[in-house]
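Content type compact mmCIF, N, CA and C atoms, from the file run_11.txt:
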```
# COMPACT_ATOMS: atom_id res chain seq x y z
N MET P 1 0.82 -1.20 0.00
CA MET P 1 0.00 0.00 0.00
C MET P 1 0.86 1.26 0.00
N ASN P 2 2.03 1.16 0.57
CA ASN P 2 2.91 2.30 0.65
C ASN P 2 3.36 2.75 -0.75
N ASN P 3 3.66 1.78 -1.62
CA ASN P 3 4.08 2.10 -2.99
C ASN P 3 2.96 2.78 -3.78
N ARG P 4 1.74 2.35 -3.51
CA ARG P 4 0.60 2.93 -4.21
C ARG P 4 0.42 4.39 -3.82
N ARG P 5 0.61 4.71 -2.56
CA ARG P 5 0.50 6.10 -2.10
C ARG P 5 1.59 6.98 -2.71
N LYS P 6 2.81 6.43 -2.79
CA LYS P 6 3.91 7.18 -3.40
C LYS P 6 3.61 7.50 -4.87
N LEU P 7 3.05 6.51 -5.55
CA LEU P 7 2.70 6.70 -6.96
C LEU P 7 1.63 7.78 -7.11
N LEU P 8 0.62 7.76 -6.25
CA LEU P 8 -0.43 8.77 -6.30
C LEU P 8 0.11 10.16 -6.00
N VAL P 9 1.03 10.26 -5.05
CA VAL P 9 1.63 11.56 -4.72
C VAL P 9 2.42 12.09 -5.91
N VAL P 10 3.20 11.23 -6.57
CA VAL P 10 4.00 11.65 -7.72
C VAL P 10 3.09 12.08 -8.87
N LEU P 11 2.07 11.30 -9.15
CA LEU P 11 1.15 11.66 -10.23
C LEU P 11 0.39 12.95 -9.92
N GLY P 12 0.01 13.12 -8.67
CA GLY P 12 -0.68 14.36 -8.27
C GLY P 12 0.22 15.58 -8.39
N ALA P 13 1.46 15.41 -8.01
CA ALA P 13 2.41 16.54 -8.12
C ALA P 13 2.67 16.88 -9.58
N ALA P 14 2.74 15.87 -10.45
CA ALA P 14 2.98 16.11 -11.87
C ALA P 14 1.82 16.85 -12.52
N THR P 15 0.60 16.63 -12.00
CA THR P 15 -0.56 17.31 -12.58
C THR P 15 -0.56 18.79 -12.25
N PHE P 16 -0.04 19.15 -11.11
CA PHE P 16 -0.06 20.55 -10.71
C PHE P 16 1.24 21.29 -11.01
N THR P 17 2.18 20.61 -11.60
CA THR P 17 3.43 21.26 -11.98
C THR P 17 3.18 22.10 -13.22
N PRO P 18 3.69 23.32 -13.27
CA PRO P 18 3.49 24.16 -14.46
C PRO P 18 4.04 23.50 -15.72
N ARG P 19 3.39 23.71 -16.83
CA ARG P 19 3.80 23.10 -18.10
C ARG P 19 5.17 23.60 -18.53
N SER P 20 5.56 24.79 -18.13
CA SER P 20 6.86 25.33 -18.53
C SER P 20 8.02 24.53 -17.94
N ALA P 21 7.76 23.80 -16.89
CA ALA P 21 8.81 22.98 -16.30
C ALA P 21 9.19 21.82 -17.20
N PHE P 22 8.25 21.40 -18.06
CA PHE P 22 8.52 20.30 -18.98
C PHE P 22 8.95 20.77 -20.36
N ALA P 23 8.94 22.07 -20.60
CA ALA P 23 9.28 22.60 -21.92
C ALA P 23 10.78 22.46 -22.18
N GLN P 24 11.10 22.20 -23.43
CA GLN P 24 12.51 22.12 -23.81
C GLN P 24 13.02 23.51 -24.13
N LEU P 25 14.28 23.75 -23.81
CA LEU P 25 14.88 25.03 -24.15
C LEU P 25 15.21 25.04 -25.64
N LYS P 26 14.83 26.11 -26.32
CA LYS P 26 15.09 26.21 -27.75
C LYS P 26 16.49 26.75 -27.99
N GLN P 27 17.18 26.13 -28.91
CA GLN P 27 18.49 26.61 -29.32
C GLN P 27 18.30 27.72 -30.34
N PRO P 28 19.14 28.75 -30.31
CA PRO P 28 19.01 29.80 -31.32
C PRO P 28 19.34 29.25 -32.71
N ILE P 29 18.72 29.84 -33.71
CA ILE P 29 18.94 29.45 -35.10
C ILE P 29 20.32 29.93 -35.52
N LEU P 30 21.09 29.06 -36.16
CA LEU P 30 22.43 29.40 -36.63
C LEU P 30 22.34 29.81 -38.09
N ILE P 31 22.76 31.05 -38.39
CA ILE P 31 22.76 31.57 -39.75
C ILE P 31 24.20 31.70 -40.20
N GLY P 32 24.53 31.08 -41.32
CA GLY P 32 25.87 31.19 -41.89
C GLY P 32 25.94 32.36 -42.85
N TRP P 33 26.99 33.17 -42.74
CA TRP P 33 27.15 34.34 -43.59
C TRP P 33 28.52 34.25 -44.27
N LEU P 34 28.52 34.16 -45.60
CA LEU P 34 29.75 34.07 -46.37
C LEU P 34 30.16 35.46 -46.83
N ILE P 35 31.31 35.91 -46.38
CA ILE P 35 31.82 37.24 -46.71
C ILE P 35 32.73 37.10 -47.92
N THR P 36 32.32 37.71 -49.04
CA THR P 36 33.09 37.58 -50.27
C THR P 36 33.80 38.85 -50.67
N GLY P 37 33.42 39.98 -50.14
CA GLY P 37 34.05 41.24 -50.53
C GLY P 37 33.94 42.28 -49.43
N SER P 38 34.32 43.51 -49.77
CA SER P 38 34.34 44.57 -48.75
C SER P 38 32.94 45.09 -48.43
N ARG P 39 31.98 44.93 -49.35
CA ARG P 39 30.63 45.44 -49.11
C ARG P 39 29.77 44.50 -48.28
N SER P 40 30.30 43.35 -47.94
CA SER P 40 29.52 42.37 -47.17
C SER P 40 29.20 42.85 -45.76
N GLY P 41 30.05 43.70 -45.20
CA GLY P 41 29.80 44.23 -43.86
C GLY P 41 28.54 45.08 -43.82
N ASN P 42 28.32 45.88 -44.87
CA ASN P 42 27.11 46.70 -44.94
C ASN P 42 25.87 45.82 -45.10
N ALA P 43 26.00 44.79 -45.91
CA ALA P 43 24.86 43.90 -46.12
C ALA P 43 24.51 43.16 -44.84
N LEU P 44 25.53 42.76 -44.08
CA LEU P 44 25.28 42.06 -42.82
C LEU P 44 24.58 42.98 -41.82
N ALA P 45 25.02 44.23 -41.74
CA ALA P 45 24.38 45.18 -40.84
C ALA P 45 22.92 45.41 -41.24
N THR P 46 22.66 45.51 -42.54
CA THR P 46 21.29 45.69 -43.02
C THR P 46 20.44 44.46 -42.71
N PHE P 47 21.02 43.28 -42.87
CA PHE P 47 20.32 42.04 -42.56
C PHE P 47 19.95 41.99 -41.08
N LYS P 48 20.89 42.35 -40.21
CA LYS P 48 20.62 42.35 -38.77
C LYS P 48 19.53 43.36 -38.42
N GLU P 49 19.56 44.54 -39.06
CA GLU P 49 18.54 45.55 -38.80
C GLU P 49 17.16 45.05 -39.22
N GLY P 50 17.11 44.34 -40.35
CA GLY P 50 15.84 43.78 -40.81
C GLY P 50 15.28 42.74 -39.85
N LEU P 51 16.16 41.89 -39.33
CA LEU P 51 15.71 40.90 -38.35
C LEU P 51 15.25 41.57 -37.06
N ALA P 52 15.97 42.63 -36.65
CA ALA P 52 15.58 43.35 -35.44
C ALA P 52 14.22 44.02 -35.63
N ALA P 53 13.96 44.52 -36.85
CA ALA P 53 12.67 45.15 -37.13
C ALA P 53 11.52 44.14 -37.05
N LEU P 54 11.84 42.89 -37.33
CA LEU P 54 10.83 41.82 -37.23
C LEU P 54 10.68 41.30 -35.80
N GLY P 55 11.51 41.79 -34.88
CA GLY P 55 11.40 41.39 -33.48
C GLY P 55 12.35 40.28 -33.07
N TRP P 56 13.28 39.92 -33.94
CA TRP P 56 14.25 38.86 -33.62
C TRP P 56 15.37 39.45 -32.78
N ILE P 57 15.81 38.73 -31.78
CA ILE P 57 16.85 39.19 -30.87
C ILE P 57 18.10 38.33 -31.10
N GLU P 58 19.20 39.01 -31.48
CA GLU P 58 20.45 38.28 -31.74
C GLU P 58 21.00 37.72 -30.44
N GLY P 59 21.42 36.48 -30.49
CA GLY P 59 21.95 35.80 -29.32
C GLY P 59 20.90 34.96 -28.60
N GLN P 60 19.63 35.37 -28.69
CA GLN P 60 18.56 34.60 -28.07
C GLN P 60 17.82 33.75 -29.08
N GLN P 61 17.45 34.37 -30.21
CA GLN P 61 16.68 33.66 -31.22
C GLN P 61 17.52 33.24 -32.42
N PHE P 62 18.60 33.96 -32.69
CA PHE P 62 19.46 33.61 -33.80
C PHE P 62 20.90 34.01 -33.51
N VAL P 63 21.83 33.32 -34.16
CA VAL P 63 23.26 33.62 -34.06
C VAL P 63 23.81 33.62 -35.48
N ILE P 64 24.60 34.64 -35.81
CA ILE P 64 25.20 34.72 -37.14
C ILE P 64 26.67 34.35 -37.03
N GLU P 65 27.06 33.36 -37.83
CA GLU P 65 28.46 32.94 -37.86
C GLU P 65 29.01 33.25 -39.24
N GLY P 66 30.01 34.12 -39.29
CA GLY P 66 30.56 34.55 -40.56
C GLY P 66 31.83 33.81 -40.95
N ARG P 67 31.97 33.60 -42.24
CA ARG P 67 33.19 33.01 -42.80
C ARG P 67 33.64 33.90 -43.95
N SER P 68 34.93 34.05 -44.10
CA SER P 68 35.49 34.90 -45.14
C SER P 68 36.17 34.08 -46.22
N VAL P 69 36.00 34.52 -47.48
CA VAL P 69 36.64 33.85 -48.60
C VAL P 69 38.11 34.25 -48.69
N ARG P 70 38.41 35.48 -48.39
CA ARG P 70 39.76 36.06 -48.45
C ARG P 70 40.39 35.82 -49.82
N GLN P 71 41.52 35.18 -49.86
CA GLN P 71 42.24 34.98 -51.12
C GLN P 71 41.88 33.67 -51.80
N ARG P 72 40.88 32.98 -51.31
CA ARG P 72 40.53 31.67 -51.87
C ARG P 72 39.32 31.75 -52.80
N SER P 73 39.15 32.86 -53.51
CA SER P 73 37.99 33.02 -54.38
C SER P 73 38.03 32.06 -55.56
N ILE P 74 39.21 31.58 -55.97
CA ILE P 74 39.32 30.62 -57.07
C ILE P 74 38.63 29.31 -56.67
N ARG P 75 38.84 28.87 -55.44
CA ARG P 75 38.17 27.65 -54.96
C ARG P 75 36.66 27.85 -54.91
N LEU P 76 36.21 29.05 -54.59
CA LEU P 76 34.79 29.34 -54.51
C LEU P 76 34.16 29.26 -55.91
N ARG P 77 34.84 29.74 -56.92
CA ARG P 77 34.31 29.70 -58.29
C ARG P 77 34.12 28.26 -58.77
N ARG P 78 34.96 27.36 -58.31
CA ARG P 78 34.83 25.96 -58.72
C ARG P 78 33.60 25.31 -58.08
N VAL P 79 33.22 25.77 -56.92
CA VAL P 79 32.11 25.16 -56.19
C VAL P 79 30.76 25.71 -56.64
N LEU P 80 30.69 27.02 -56.86
CA LEU P 80 29.41 27.65 -57.21
C LEU P 80 29.02 27.37 -58.65
N PRO P 81 27.73 27.13 -58.91
CA PRO P 81 27.28 26.91 -60.29
C PRO P 81 27.30 28.22 -61.07
N ARG P 82 27.42 28.12 -62.37
CA ARG P 82 27.45 29.33 -63.20
C ARG P 82 26.10 29.67 -63.73
```

In structure tokens, what does this structure look like?
Amino acid sequence: MNNRRKLLVVLGAATFTPRSAFAQLKQPILIGWLITGSRSGNALATFKEGLAALGWIEGQQFVIEGRSVRQRSIRLRRVLPR
């Protein structure tokens, strides 16, 4: 009988526990940004402003990870379709 009471107590406590306690934490969306030239910085700033205007918060809802082509643009031309 003791085990049955423990089970009822656990089930009763689970019913009154807030639903947020069972919610999974969401990971921020990872956005990849390929920097190919000097004007990419302006485009990135404009992109961030647009997301902010939509109510997105950087670091909480999305993270931007940038990569630079630098002197390897020849390798990039081989990968991209024409």

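The space separating CA of Ser68 (chain P) from CA of Ala53 (chain P) comes to 26.3 Å.
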
- If you measure from CA of Trp33 (chain P) to CA of Phe62 (chain P), what distance in Å do you get, rounded to one decimal? 12.5 Å

Answer as a PDB file with N, CA and C atoms, keeping the file's coordinate frame, residues within 8 Å of (27.7, 33.2, -34.7) using all atoms listed in the file:
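Everything below was put into result_10.pdb:
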```
ATOM      1  N   LEU P  30      21.090  29.060 -36.160  1.00  0.00           N
ATOM      2  CA  LEU P  30      22.430  29.400 -36.630  1.00  0.00           C
ATOM      3  C   LEU P  30      22.340  29.810 -38.090  1.00  0.00           C
ATOM      4  N   ILE P  31      22.760  31.050 -38.390  1.00  0.00           N
ATOM      5  CA  ILE P  31      22.760  31.570 -39.750  1.00  0.00           C
ATOM      6  C   ILE P  31      24.200  31.700 -40.200  1.00  0.00           C
ATOM      7  N   GLY P  32      24.530  31.080 -41.320  1.00  0.00           N
ATOM      8  CA  GLY P  32      25.870  31.190 -41.890  1.00  0.00           C
ATOM      9  C   GLY P  32      25.940  32.360 -42.850  1.00  0.00           C
ATOM     10  N   PHE P  62      18.600  33.960 -32.690  1.00  0.00           N
ATOM     11  CA  PHE P  62      19.460  33.610 -33.800  1.00  0.00           C
ATOM     12  C   PHE P  62      20.900  34.010 -33.510  1.00  0.00           C
ATOM     13  N   VAL P  63      21.830  33.320 -34.160  1.00  0.00           N
ATOM     14  CA  VAL P  63      23.260  33.620 -34.060  1.00  0.00           C
ATOM     15  C   VAL P  63      23.810  33.620 -35.480  1.00  0.00           C
ATOM     16  N   ILE P  64      24.600  34.640 -35.810  1.00  0.00           N
ATOM     17  CA  ILE P  64      25.200  34.720 -37.140  1.00  0.00           C
ATOM     18  C   ILE P  64      26.670  34.350 -37.030  1.00  0.00           C
ATOM     19  N   GLU P  65      27.060  33.360 -37.830  1.00  0.00           N
ATOM     20  CA  GLU P  65      28.460  32.940 -37.860  1.00  0.00           C
ATOM     21  C   GLU P  65      29.010  33.250 -39.240  1.00  0.00           C
ATOM     22  N   GLY P  66      30.010  34.120 -39.290  1.00  0.00           N
ATOM     23  CA  GLY P  66      30.560  34.550 -40.560  1.00  0.00           C
ATOM     24  C   GLY P  66      31.830  33.810 -40.950  1.00  0.00           C
TER      25      GLY P  66
END
```
